[in-house]
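Below you'll find the structure, written out as structure tokens, and then a few comments.
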Amino acid sequence: MTWLDLALPLCAYLLGSVATAIVVTRLLGLPDPRTMGSGNPGATNVLRTGSKGAAFITLLGDMLKGLLPVVMARLLEVGELTLMATALAAFLGHIYPVFFQFRGGKGVATALGVLLGLAPWLGLAVLGVWLLVAATLRYSSLAALIAAATAPVIAWGLGLGTTAITGVAFMSALLIARHRSNIQRLLAGTESRIGAKKGA
């Protein structure tokens, strides 16, 4: 084990712990996204502040938090275990941020960034699943759940190694668990559709 095997996952976790939604809304003088909707610091709740630009920046920032550490690990040619540890650390940092009392977002954008870093075709395929479900059924949360469930299968189909498939499956399971309130609303028929007006 080298110092990189420890430093990369640690740095990835710390980067993941930077809540883009909170930073962006504070810089722009917008309401705290944790007071909106689900209370999670994510792009969806930033959008609820009324700023599409801030929501886009948040989405991009959350994705880069997952992508950049994995790309760096690849450039440094670390082992498969360290690569996957770095990927998972970035994801865990987003949903359990040390800088914000371990209360973070649901991890969809960061997970996408991780997948794109691990294997671009994997990330693009999972994004395609999300877009297809979101466009046809109009539920963002359901699209995320189905995309997460299919991610390990797609990873297996692309021939990724056992370590990568296991890591992707773990990340998918945690992401699905983070959507438990959405699952309850979907089952109850009270989940908001994409583009639905408030009160609809």
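Every chain in the structure tokens takes a letter, A first, then B, and so on in the order presented; its residues are numbered from 1, and the ligands are numbered from 1 following the presented order.
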
Next on the checklist: as a PyMOL selection string, please: every residue in stretch 54-140 of chain A that a backbone DSSP assignment puts in helix (DSSP H, G or I).
Outcome noted: chain A and resi 54-75+80-95+98-100+108-118+120-137+140

Determine, counting only C-alpha atoms, which protein, DNA and RNA residues have an atom within 12 Å of an atom of A:Thr86; residues of the same chain fewer than 4 positions away are not included. Present the result as a compact mmCIF listing (two decimals) with N, CA and C atoms, in the first residue's frame.
```
# COMPACT_ATOMS: atom_id res chain seq x y z
N LEU A 4 -0.66 7.00 -1.95
CA LEU A 4 -1.77 7.31 -2.86
C LEU A 4 -3.02 6.50 -2.55
N ASP A 5 -2.82 5.28 -2.10
CA ASP A 5 -3.96 4.41 -1.79
C ASP A 5 -4.81 4.98 -0.66
N LEU A 6 -4.20 5.81 0.18
CA LEU A 6 -4.92 6.46 1.26
C LEU A 6 -5.32 7.88 0.92
N ALA A 7 -4.41 8.59 0.24
CA ALA A 7 -4.64 10.01 -0.04
C ALA A 7 -5.76 10.22 -1.04
N LEU A 8 -5.82 9.41 -2.08
CA LEU A 8 -6.84 9.61 -3.11
C LEU A 8 -8.26 9.45 -2.58
N PRO A 9 -8.58 8.34 -1.87
CA PRO A 9 -9.94 8.24 -1.32
C PRO A 9 -10.26 9.34 -0.32
N LEU A 10 -9.27 9.74 0.48
CA LEU A 10 -9.51 10.81 1.46
C LEU A 10 -9.83 12.12 0.76
N CYS A 11 -9.02 12.48 -0.24
CA CYS A 11 -9.26 13.71 -0.99
C CYS A 11 -10.60 13.65 -1.72
N ALA A 12 -10.94 12.48 -2.26
CA ALA A 12 -12.20 12.31 -2.96
C ALA A 12 -13.38 12.52 -2.00
N TYR A 13 -13.26 11.99 -0.79
CA TYR A 13 -14.33 12.16 0.19
C TYR A 13 -14.49 13.63 0.58
N LEU A 14 -13.37 14.32 0.79
CA LEU A 14 -13.43 15.73 1.17
C LEU A 14 -14.02 16.57 0.05
N LEU A 15 -13.65 16.28 -1.19
CA LEU A 15 -14.23 17.00 -2.32
C LEU A 15 -15.72 16.72 -2.42
N GLY A 16 -16.09 15.45 -2.25
CA GLY A 16 -17.50 15.10 -2.28
C GLY A 16 -18.30 15.77 -1.18
N LYS A 65 -17.77 16.40 -8.96
CA LYS A 65 -17.24 15.85 -7.70
C LYS A 65 -17.03 14.35 -7.80
N GLY A 66 -17.83 13.69 -8.60
CA GLY A 66 -17.66 12.26 -8.80
C GLY A 66 -16.69 11.94 -9.91
N LEU A 67 -16.70 12.77 -10.96
CA LEU A 67 -15.87 12.51 -12.13
C LEU A 67 -14.39 12.78 -11.90
N LEU A 68 -14.06 13.93 -11.36
CA LEU A 68 -12.67 14.36 -11.27
C LEU A 68 -11.78 13.44 -10.42
N PRO A 69 -12.22 13.01 -9.23
CA PRO A 69 -11.35 12.11 -8.45
C PRO A 69 -11.07 10.79 -9.17
N VAL A 70 -12.08 10.27 -9.86
CA VAL A 70 -11.90 9.00 -10.57
C VAL A 70 -10.94 9.19 -11.74
N VAL A 71 -11.09 10.28 -12.47
CA VAL A 71 -10.18 10.57 -13.59
C VAL A 71 -8.76 10.73 -13.08
N MET A 72 -8.59 11.43 -11.96
CA MET A 72 -7.26 11.61 -11.38
C MET A 72 -6.65 10.27 -10.99
N ALA A 73 -7.46 9.41 -10.38
CA ALA A 73 -6.97 8.09 -9.99
C ALA A 73 -6.54 7.29 -11.21
N ARG A 74 -7.29 7.43 -12.29
CA ARG A 74 -6.94 6.72 -13.53
C ARG A 74 -5.62 7.25 -14.11
N VAL A 78 -3.48 3.94 -10.54
CA VAL A 78 -3.56 3.19 -9.29
C VAL A 78 -4.23 1.84 -9.55
N GLY A 79 -4.19 0.97 -8.56
CA GLY A 79 -4.81 -0.34 -8.68
C GLY A 79 -6.33 -0.25 -8.71
N GLU A 80 -6.95 -1.36 -9.07
CA GLU A 80 -8.41 -1.41 -9.20
C GLU A 80 -9.11 -1.13 -7.87
N LEU A 81 -8.57 -1.65 -6.78
CA LEU A 81 -9.18 -1.42 -5.48
C LEU A 81 -9.12 0.05 -5.08
N THR A 82 -7.98 0.68 -5.29
CA THR A 82 -7.84 2.10 -4.96
C THR A 82 -8.74 2.95 -5.84
N ALA A 90 -15.88 9.52 -3.10
CA ALA A 90 -16.49 10.75 -3.64
C ALA A 90 -18.01 10.70 -3.49
N PHE A 91 -18.59 9.56 -3.78
CA PHE A 91 -20.04 9.38 -3.67
C PHE A 91 -20.50 9.49 -2.22
N LEU A 92 -19.78 8.83 -1.32
CA LEU A 92 -20.13 8.88 0.10
C LEU A 92 -19.96 10.28 0.67
N GLY A 93 -18.97 11.00 0.16
CA GLY A 93 -18.78 12.37 0.63
C GLY A 93 -19.98 13.25 0.30
N VAL A 114 -19.21 9.59 -11.25
CA VAL A 114 -18.37 8.43 -10.92
C VAL A 114 -18.41 7.41 -12.05
N GLY A 117 -16.49 8.42 -15.03
CA GLY A 117 -15.06 8.29 -14.80
C GLY A 117 -14.59 6.85 -14.86
N LEU A 118 -15.40 5.94 -14.34
CA LEU A 118 -15.04 4.52 -14.36
C LEU A 118 -15.03 3.96 -15.78
N ALA A 164 -15.22 -3.54 -9.87
CA ALA A 164 -16.02 -2.42 -10.37
C ALA A 164 -17.51 -2.72 -10.28
N GLY A 167 -18.61 -2.53 -6.70
CA GLY A 167 -18.67 -1.14 -6.26
C GLY A 167 -19.88 -0.42 -6.82
```

Next on the checklist: I'd like the contact shell of A:Val129 - 12 Å cut-off, only C-alpha atoms, skipping same-chain residues fewer than 5 positions apart - returned as a list in words.
Outcome noted: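 After dropping sequence-adjacent residues, the list is Leu112, Leu122, Gly123, Leu124, Ala134, Ala135, Thr136, Leu137, Ser140, Leu142, Ala143, Ala144, Leu145, Ile146, Ala147, Ala148, Ala149, Thr150, Ala151 and Ile154 of chain A.
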
Checklist outcome for this item: In Å and to one decimal, atom CA of A:Phe170 is distant from atom CA of A:Lys106 by 14.2 Å

Next on the checklist: To one decimal place in Å, what is the distance between atom CA of A:Asp32 and atom CA of A:Val46?
Outcome noted: 8.1 Å

Next on the checklist: Report, in Å with one decimal, the straight-line distance from atom CA of A:Thr2 to atom CA of A:Met63.
Outcome noted: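 If I compute the distance from atom CA of A:Thr2 to atom CA of A:Met63, I get 27.6 Å.
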
Checklist entry - Smallest atom-to-atom distance to A:Met84: which of A:Leu115, A:Ser141, A:Tyr96, A:Asn40, using only C-alpha atoms? => result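 That would be A:Leu115, the residue with the smallest distance to A:Met84.
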